[in-house]
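Structure first, commentary second.
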Amino acid sequence: MKTKSRALDSRDETLEIRNREFSYKHFGSLMSFFTKVKTLPRDIIFISCSFTGAQLTELFDILSSKKGVRVVCLTSTSQKWDRKICKKVKKMLKTRRNLRTLDLSDNFLAAEGFALLAEGIELSDSLRKLVLRNCNMVKNLPLLCEVLSHNQRVTNLNLGKNFLDCKGILYLSKMLILNNSLKRLNLERNYLDNNSMKLLAESLRDNQTLVSLNLNANLIGNEGGMSIGYMLAENRSLQ
């Protein structure tokens, strides 16, 4: 379903478009607007908007070259994010010094493309919030955790609905022992069981930076709940 949107205005701080399939004409109008303005809106948000691969690469080229953007949200784009697209995302992360939030939820992040995206996350000096909800992260998680193990900038990570299970938590647990910047972690809807909770609890027992942990809608039984409870009794920062 398409929704109507009002005319683009260069004075707006937020550009938000929902449920649109970008035709050649509509996308051309969007690019014309981006090209003419000196400073882009602070928040660029596309929710459930369909793009072609070529459109996404052109969009990220613009986002890399213009000032002003602090939030980029591109969810459910109906595209497999391959090396070509992720190379452009890497460029944006590297060049945009004021980018604070990147939300790529509900996109299929191919492993070969994610390797470039991970490099961009590592190179970014400003990224604070990373949302990768429902992004096919099972295969990509080891690389992400390797990057975040020594990343001291990202403070908010959302990995909800990625079916990470116990194997995924093993990678996350090792990362959490080394990372000392992450404050918020969302792991809801990941089929995490009692064994997952034991691993997670052990890694967080002495963690002094994480203040928020979302474990909603997982497969946590009494044993797993007790593991988390004992950890919370010793952890002074996590609420």
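Labels used: A, B, ... for chains in the order of the structure tokens, numbers from 1 for residues in each chain, and numbers from 1 for ligands as shown.
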### Task
Excluding segment 142-152 of chain A and any residue of its chain fewer than 2 positions from it, enumerate the residues within 7 Å of it, using only C-alpha atoms, and give them as a list of chain:residue names.
A:Ala118, A:Glu122, A:Asn140, A:Val154, A:Tyr171, A:Leu172, A:Met175, A:Leu178, A:Asn179, A:Asn180, A:Ser181
### Query
segment 202-206 of chain A: which residues within 12 Å, counting only C-alpha atoms, same-chain residues fewer than 5 positions away excluded, as a ChimeraX atom specification?
/A:169-180,182-183,185,195-197,211-213,224,227-238
What would the file look like if the residues just selected were written as a compact mmCIF listing (two decimals), in the first residue's frame with N, CA, C and O atoms?
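Output below, filename result_8.txt:
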```txt
# COMPACT_ATOMS: atom_id res chain seq x y z
N ILE A 169 24.72 -16.50 21.29
CA ILE A 169 25.00 -15.92 22.61
C ILE A 169 26.45 -16.17 23.01
O ILE A 169 27.06 -15.37 23.73
N LEU A 170 27.03 -17.26 22.56
CA LEU A 170 28.43 -17.54 22.86
C LEU A 170 29.33 -16.43 22.30
O LEU A 170 30.23 -15.94 23.00
N TYR A 171 29.07 -16.00 21.07
CA TYR A 171 29.83 -14.90 20.48
C TYR A 171 29.57 -13.60 21.22
O TYR A 171 30.50 -12.83 21.51
N LEU A 172 28.30 -13.35 21.53
CA LEU A 172 27.95 -12.11 22.23
C LEU A 172 28.57 -12.06 23.62
O LEU A 172 29.03 -11.01 24.07
N SER A 173 28.60 -13.20 24.30
CA SER A 173 29.15 -13.24 25.65
C SER A 173 30.63 -12.89 25.65
O SER A 173 31.11 -12.14 26.52
N LYS A 174 31.37 -13.41 24.69
CA LYS A 174 32.79 -13.09 24.59
C LYS A 174 33.00 -11.61 24.30
O LYS A 174 33.91 -10.98 24.83
N MET A 175 32.12 -11.04 23.46
CA MET A 175 32.21 -9.61 23.14
C MET A 175 31.92 -8.76 24.37
O MET A 175 32.61 -7.77 24.64
N LEU A 176 30.90 -9.14 25.15
CA LEU A 176 30.49 -8.34 26.30
C LEU A 176 31.56 -8.31 27.39
O LEU A 176 31.64 -7.36 28.16
N ILE A 177 32.38 -9.34 27.46
CA ILE A 177 33.46 -9.35 28.45
C ILE A 177 34.52 -8.30 28.09
O ILE A 177 35.10 -7.66 28.97
N LEU A 178 34.73 -8.08 26.79
CA LEU A 178 35.77 -7.15 26.33
C LEU A 178 35.26 -5.73 26.12
O LEU A 178 35.99 -4.76 26.29
N ASN A 179 33.99 -5.61 25.75
CA ASN A 179 33.43 -4.29 25.42
C ASN A 179 33.11 -3.52 26.70
O ASN A 179 32.54 -4.06 27.64
N ASN A 180 33.48 -2.23 26.72
CA ASN A 180 33.15 -1.42 27.89
C ASN A 180 32.46 -0.11 27.52
O ASN A 180 32.58 0.89 28.21
N LEU A 182 29.08 -0.44 25.57
CA LEU A 182 27.69 -0.76 25.29
C LEU A 182 26.82 -0.56 26.54
O LEU A 182 27.09 -1.12 27.59
N LYS A 183 25.75 0.24 26.37
CA LYS A 183 24.86 0.53 27.50
C LYS A 183 23.49 -0.14 27.35
O LYS A 183 22.85 -0.45 28.35
N LEU A 185 21.25 -3.18 25.20
CA LEU A 185 21.31 -4.35 24.34
C LEU A 185 19.92 -4.98 24.25
O LEU A 185 19.32 -5.34 25.27
N ASN A 195 20.36 -22.42 28.64
CA ASN A 195 21.81 -22.45 28.43
C ASN A 195 22.32 -21.10 27.94
O ASN A 195 23.41 -20.65 28.33
N SER A 196 21.54 -20.45 27.09
CA SER A 196 21.91 -19.11 26.61
C SER A 196 21.99 -18.14 27.77
O SER A 196 22.90 -17.30 27.85
N MET A 197 21.04 -18.25 28.70
CA MET A 197 21.01 -17.34 29.85
C MET A 197 22.21 -17.56 30.77
O MET A 197 22.74 -16.61 31.36
N VAL A 211 23.30 -0.92 31.05
CA VAL A 211 22.25 -0.50 31.97
C VAL A 211 20.88 -1.02 31.56
O VAL A 211 19.93 -0.97 32.35
N SER A 212 20.75 -1.54 30.32
CA SER A 212 19.46 -2.03 29.85
C SER A 212 19.65 -3.29 29.00
O SER A 212 20.45 -3.30 28.07
N LEU A 213 18.90 -4.34 29.34
CA LEU A 213 18.97 -5.62 28.62
C LEU A 213 17.55 -6.11 28.38
O LEU A 213 16.80 -6.36 29.31
N GLY A 224 17.00 -20.67 33.62
CA GLY A 224 17.58 -19.50 32.96
C GLY A 224 17.26 -18.22 33.70
O GLY A 224 18.11 -17.33 33.83
N SER A 227 19.53 -17.87 36.66
CA SER A 227 20.88 -17.45 36.26
C SER A 227 20.94 -15.93 36.10
O SER A 227 21.88 -15.28 36.58
N ILE A 228 19.93 -15.37 35.44
CA ILE A 228 19.88 -13.92 35.26
C ILE A 228 19.66 -13.22 36.60
O ILE A 228 20.25 -12.18 36.89
N GLY A 229 18.81 -13.81 37.44
CA GLY A 229 18.55 -13.22 38.75
C GLY A 229 19.79 -13.14 39.62
O GLY A 229 20.06 -12.11 40.26
N TYR A 230 20.58 -14.21 39.65
CA TYR A 230 21.82 -14.20 40.43
C TYR A 230 22.80 -13.17 39.88
O TYR A 230 23.51 -12.49 40.64
N MET A 231 22.84 -13.06 38.55
CA MET A 231 23.73 -12.07 37.93
C MET A 231 23.32 -10.65 38.34
O MET A 231 24.16 -9.82 38.68
N LEU A 232 22.01 -10.38 38.31
CA LEU A 232 21.53 -9.04 38.65
C LEU A 232 21.82 -8.69 40.11
O LEU A 232 22.02 -7.52 40.45
N ALA A 233 21.87 -9.70 40.95
CA ALA A 233 22.17 -9.46 42.37
C ALA A 233 23.60 -8.97 42.55
O ALA A 233 23.91 -8.24 43.51
N GLU A 234 24.49 -9.35 41.63
CA GLU A 234 25.89 -8.95 41.73
C GLU A 234 26.25 -7.76 40.83
O GLU A 234 27.20 -7.05 41.12
N ASN A 235 25.50 -7.57 39.77
CA ASN A 235 25.77 -6.49 38.83
C ASN A 235 25.17 -5.19 39.34
O ASN A 235 23.97 -5.10 39.59
N ARG A 236 25.99 -4.15 39.46
CA ARG A 236 25.53 -2.91 40.04
C ARG A 236 25.00 -1.90 39.03
O ARG A 236 24.36 -0.92 39.42
N SER A 237 25.26 -2.13 37.76
CA SER A 237 24.85 -1.15 36.75
C SER A 237 23.58 -1.55 36.00
O SER A 237 22.78 -0.69 35.62
N LEU A 238 23.34 -2.84 35.82
CA LEU A 238 22.22 -3.31 35.02
C LEU A 238 20.93 -3.29 35.82
O LEU A 238 20.85 -3.82 36.92
```
Using 10 Å as the limit and counting only C-alpha atoms, can you tabulate each residue of segment 102-167 of chain A that touches segment 36-59 of chain A, with its shortest atom-to-atom distance in Å and the two atoms involved, as CSV?
```
residue,atom,partner,partner_atom,distance
A:Leu102,CA,A:Ile44,CA,9.9
A:Asp103,CA,A:Ile45,CA,9.0
A:Leu104,CA,A:Ile47,CA,9.7
A:Ser105,CA,A:Ile47,CA,9.3
A:Asp106,CA,A:Ser48,CA,8.7
A:Asn107,CA,A:Ser48,CA,9.9
```
### Query
So which bits of segment 79-159 of chain A end up alpha helix (DSSP H) when you DSSP the backbone, as a ChimeraX atom specification?
/A:83-95,111-123,141-149
Write out, as a short mmCIF file (atom, residue, chain, number, x, y, z; two decimals), in the first residue's frame, the residues just selected, with N, CA, C and O atoms.
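This is the output file selection39.cif:
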```cif
data_model
loop_
_atom_site.label_atom_id
_atom_site.label_comp_id
_atom_site.auth_asym_id
_atom_site.auth_seq_id
_atom_site.Cartn_x
_atom_site.Cartn_y
_atom_site.Cartn_z
N ARG A 83 27.48 -6.76 -1.67
CA ARG A 83 28.72 -5.99 -1.54
C ARG A 83 28.59 -4.59 -2.13
O ARG A 83 29.13 -3.62 -1.58
N LYS A 84 27.89 -4.47 -3.24
CA LYS A 84 27.78 -3.18 -3.90
C LYS A 84 27.07 -2.16 -3.03
O LYS A 84 27.50 -1.00 -2.91
N ILE A 85 25.96 -2.58 -2.41
CA ILE A 85 25.22 -1.67 -1.54
C ILE A 85 26.00 -1.39 -0.26
O ILE A 85 26.14 -0.23 0.16
N CYS A 86 26.52 -2.43 0.36
CA CYS A 86 27.22 -2.27 1.64
C CYS A 86 28.52 -1.48 1.51
O CYS A 86 28.97 -0.84 2.47
N LYS A 87 29.10 -1.50 0.34
CA LYS A 87 30.29 -0.68 0.10
C LYS A 87 29.94 0.80 0.22
O LYS A 87 30.73 1.60 0.75
N LYS A 88 28.76 1.17 -0.24
CA LYS A 88 28.30 2.55 -0.14
C LYS A 88 27.97 2.92 1.31
O LYS A 88 28.21 4.05 1.74
N VAL A 89 27.41 1.95 2.05
CA VAL A 89 27.11 2.20 3.46
C VAL A 89 28.42 2.42 4.23
O VAL A 89 28.52 3.30 5.08
N LYS A 90 29.41 1.62 3.91
CA LYS A 90 30.72 1.77 4.54
C LYS A 90 31.28 3.18 4.29
O LYS A 90 31.80 3.83 5.21
N LYS A 91 31.16 3.64 3.07
CA LYS A 91 31.64 4.98 2.72
C LYS A 91 30.92 6.04 3.54
O LYS A 91 31.54 6.98 4.05
N MET A 92 29.59 5.90 3.69
CA MET A 92 28.82 6.86 4.47
C MET A 92 29.27 6.85 5.94
O MET A 92 29.46 7.91 6.55
N LEU A 93 29.45 5.66 6.50
CA LEU A 93 29.88 5.57 7.90
C LEU A 93 31.25 6.18 8.11
O LEU A 93 31.54 6.76 9.16
N LYS A 94 32.10 6.04 7.13
CA LYS A 94 33.46 6.56 7.24
C LYS A 94 33.51 8.08 7.10
O LYS A 94 34.28 8.75 7.80
N THR A 95 32.68 8.64 6.21
CA THR A 95 32.79 10.07 5.89
C THR A 95 31.87 10.97 6.71
O THR A 95 32.19 12.13 6.93
N ALA A 111 26.18 -12.12 3.77
CA ALA A 111 27.46 -12.21 4.48
C ALA A 111 28.57 -11.46 3.77
O ALA A 111 29.38 -10.78 4.40
N GLU A 112 28.62 -11.57 2.43
CA GLU A 112 29.69 -10.89 1.69
C GLU A 112 29.55 -9.37 1.76
O GLU A 112 30.54 -8.64 1.71
N GLY A 113 28.31 -8.90 1.89
CA GLY A 113 28.10 -7.47 2.03
C GLY A 113 28.35 -7.00 3.44
O GLY A 113 28.90 -5.92 3.67
N PHE A 114 27.96 -7.82 4.43
CA PHE A 114 28.11 -7.41 5.82
C PHE A 114 29.57 -7.21 6.21
O PHE A 114 29.88 -6.41 7.09
N ALA A 115 30.47 -7.92 5.57
CA ALA A 115 31.90 -7.74 5.87
C ALA A 115 32.31 -6.29 5.64
O ALA A 115 33.09 -5.71 6.42
N LEU A 116 31.78 -5.66 4.59
CA LEU A 116 32.07 -4.26 4.31
C LEU A 116 31.35 -3.35 5.30
O LEU A 116 31.90 -2.33 5.75
N LEU A 117 30.12 -3.71 5.64
CA LEU A 117 29.37 -2.93 6.62
C LEU A 117 30.08 -2.93 7.97
O LEU A 117 30.16 -1.90 8.65
N ALA A 118 30.62 -4.07 8.35
CA ALA A 118 31.35 -4.18 9.61
C ALA A 118 32.58 -3.28 9.61
O ALA A 118 32.92 -2.65 10.62
N GLU A 119 33.25 -3.19 8.48
CA GLU A 119 34.40 -2.30 8.36
C GLU A 119 33.97 -0.85 8.56
O GLU A 119 34.67 -0.06 9.19
N GLY A 120 32.80 -0.52 8.02
CA GLY A 120 32.28 0.83 8.20
C GLY A 120 31.96 1.15 9.64
O GLY A 120 32.25 2.25 10.13
N ILE A 121 31.39 0.18 10.35
CA ILE A 121 31.09 0.36 11.78
C ILE A 121 32.38 0.60 12.56
O ILE A 121 32.45 1.45 13.45
N GLU A 122 33.41 -0.13 12.19
CA GLU A 122 34.70 0.01 12.87
C GLU A 122 35.34 1.36 12.58
O GLU A 122 35.99 1.96 13.45
N LEU A 123 35.14 1.88 11.37
CA LEU A 123 35.75 3.14 10.96
C LEU A 123 35.00 4.38 11.46
O LEU A 123 35.57 5.47 11.56
N LEU A 141 27.04 -12.58 12.88
CA LEU A 141 27.29 -12.22 14.27
C LEU A 141 28.76 -12.35 14.69
O LEU A 141 29.27 -11.47 15.41
N PRO A 142 29.49 -13.40 14.31
CA PRO A 142 30.90 -13.48 14.73
C PRO A 142 31.71 -12.25 14.31
O PRO A 142 32.51 -11.74 15.10
N LEU A 143 31.50 -11.77 13.10
CA LEU A 143 32.23 -10.60 12.63
C LEU A 143 31.80 -9.34 13.37
O LEU A 143 32.64 -8.52 13.75
N LEU A 144 30.49 -9.19 13.59
CA LEU A 144 30.01 -8.02 14.33
C LEU A 144 30.59 -8.01 15.74
O LEU A 144 31.04 -6.95 16.23
N CYS A 145 30.60 -9.16 16.39
CA CYS A 145 31.13 -9.22 17.76
C CYS A 145 32.63 -8.94 17.80
O CYS A 145 33.13 -8.34 18.75
N GLU A 146 33.33 -9.36 16.77
CA GLU A 146 34.76 -9.07 16.70
C GLU A 146 35.00 -7.56 16.63
O GLU A 146 35.88 -7.02 17.31
N VAL A 147 34.18 -6.88 15.83
CA VAL A 147 34.30 -5.42 15.70
C VAL A 147 33.94 -4.73 17.02
O VAL A 147 34.65 -3.83 17.48
N LEU A 148 32.83 -5.17 17.63
CA LEU A 148 32.36 -4.50 18.85
C LEU A 148 33.19 -4.84 20.08
O LEU A 148 33.09 -4.15 21.09
N SER A 149 34.00 -5.86 19.99
CA SER A 149 34.86 -6.21 21.13
C SER A 149 35.82 -5.10 21.48
O SER A 149 36.19 -4.91 22.64
#
```
### segment 42-188 of chain A: residues DSSP assigns to strand (DSSP E), reported as a list in words
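Matching residues for strand (DSSP E) in segment 42-188 of chain A are Asp43, Ile44, Ile45, Phe46, Ile47, Val71, Val72, Cys73, Leu74, Thr75, Lys80, Trp81, Thr101, Leu102, Asp103, Phe108, Leu109, Lys129, Leu130, Val131, Asn156, Leu157, Asn158, Arg184, Leu185 and Asn186 of chain A.
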Selected residues written out with N, CA and C atoms, as a compact mmCIF listing (two decimals), in the first residue's frame:
```
# COMPACT_ATOMS: atom_id res chain seq x y z
N ASP A 43 17.25 13.79 10.23
CA ASP A 43 16.81 12.40 10.29
C ASP A 43 16.26 11.97 8.93
N ILE A 44 16.86 10.96 8.33
CA ILE A 44 16.40 10.40 7.06
C ILE A 44 15.78 9.04 7.36
N ILE A 45 14.46 8.93 7.20
CA ILE A 45 13.74 7.73 7.63
C ILE A 45 12.87 7.19 6.50
N PHE A 46 13.16 5.96 6.08
CA PHE A 46 12.34 5.26 5.09
C PHE A 46 11.89 3.95 5.72
N ILE A 47 10.61 3.82 6.00
CA ILE A 47 10.07 2.63 6.65
C ILE A 47 9.22 1.85 5.65
N VAL A 71 20.66 10.67 11.66
CA VAL A 71 19.94 9.40 11.76
C VAL A 71 19.60 8.90 10.36
N VAL A 72 19.96 7.65 10.07
CA VAL A 72 19.59 7.00 8.80
C VAL A 72 18.83 5.73 9.14
N CYS A 73 17.59 5.66 8.67
CA CYS A 73 16.74 4.50 8.91
C CYS A 73 16.19 4.01 7.57
N LEU A 74 16.55 2.79 7.20
CA LEU A 74 16.09 2.18 5.95
C LEU A 74 15.64 0.76 6.26
N THR A 75 14.36 0.57 6.51
CA THR A 75 13.86 -0.74 6.89
C THR A 75 13.01 -1.35 5.77
N LYS A 80 18.25 -7.55 -1.28
CA LYS A 80 19.35 -8.26 -0.64
C LYS A 80 20.55 -7.32 -0.63
N TRP A 81 21.04 -7.00 0.56
CA TRP A 81 22.13 -6.04 0.69
C TRP A 81 23.46 -6.75 0.41
N THR A 101 22.92 7.38 14.38
CA THR A 101 22.06 6.20 14.39
C THR A 101 21.94 5.59 13.00
N LEU A 102 22.08 4.26 12.94
CA LEU A 102 21.87 3.52 11.69
C LEU A 102 20.91 2.37 11.98
N ASP A 103 19.75 2.39 11.30
CA ASP A 103 18.73 1.37 11.48
C ASP A 103 18.48 0.68 10.14
N PHE A 108 17.73 -8.16 4.40
CA PHE A 108 18.59 -9.34 4.32
C PHE A 108 20.03 -8.87 4.06
N LEU A 109 20.87 -8.97 5.09
CA LEU A 109 22.26 -8.53 4.97
C LEU A 109 23.11 -9.75 4.59
N LYS A 129 24.19 4.33 17.89
CA LYS A 129 23.08 3.39 17.94
C LYS A 129 23.03 2.58 16.66
N LEU A 130 23.02 1.25 16.80
CA LEU A 130 23.00 0.35 15.65
C LEU A 130 21.83 -0.61 15.81
N VAL A 131 20.90 -0.56 14.84
CA VAL A 131 19.71 -1.40 14.90
C VAL A 131 19.74 -2.38 13.72
N ASN A 156 24.36 1.55 21.92
CA ASN A 156 23.01 0.98 21.84
C ASN A 156 22.96 -0.01 20.68
N LEU A 157 22.70 -1.28 20.96
CA LEU A 157 22.70 -2.33 19.94
C LEU A 157 21.39 -3.12 20.01
N ASN A 158 20.68 -3.19 18.88
CA ASN A 158 19.43 -3.94 18.80
C ASN A 158 19.61 -5.10 17.82
N ARG A 184 23.05 -0.32 26.11
CA ARG A 184 21.72 -0.90 25.88
C ARG A 184 21.83 -2.03 24.86
N LEU A 185 21.25 -3.18 25.20
CA LEU A 185 21.31 -4.35 24.34
C LEU A 185 19.92 -4.98 24.25
N ASN A 186 19.41 -5.12 23.03
CA ASN A 186 18.09 -5.71 22.80
C ASN A 186 18.26 -7.08 22.14
```
### Task
Find the distance between atom CA of His26 of chain A and atom CA of Phe60 of chain A and write it in Å to one decimal.
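Taking atom CA of His26 of chain A as the start and atom CA of Phe60 of chain A as the end point, the length is 16.6 Å.
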### Pick from A:Glu223, A:Asp165, A:Asp193, A:Glu21, whichever lies nearest to Met137 of chain A using only C-alpha atoms
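Among A:Glu223, A:Asp165, A:Asp193, A:Glu21, it is A:Asp165 that comes nearest to Met137 of chain A.
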### Summary
atom CA of Cys166 of chain A sits from atom CA of Gly221 of chain A at a separation of 14.1 Å
### Query
What gap, in Å, lies between atom CA of Phe22 of chain A and atom CA of Arg96 of chain A?
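Taking atom CA of Phe22 of chain A as the start and atom CA of Arg96 of chain A as the end point, the length is 25.0 Å.
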#### Entry: Contacts of Val138 of chain A within 9 Å, only C-alpha atoms, excl. fewer than 6 positions in-chain, as a list in words
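So the residues in contact are Asn162, Phe163, Leu164, Asp165, Lys167 and Gly168 of chain A.
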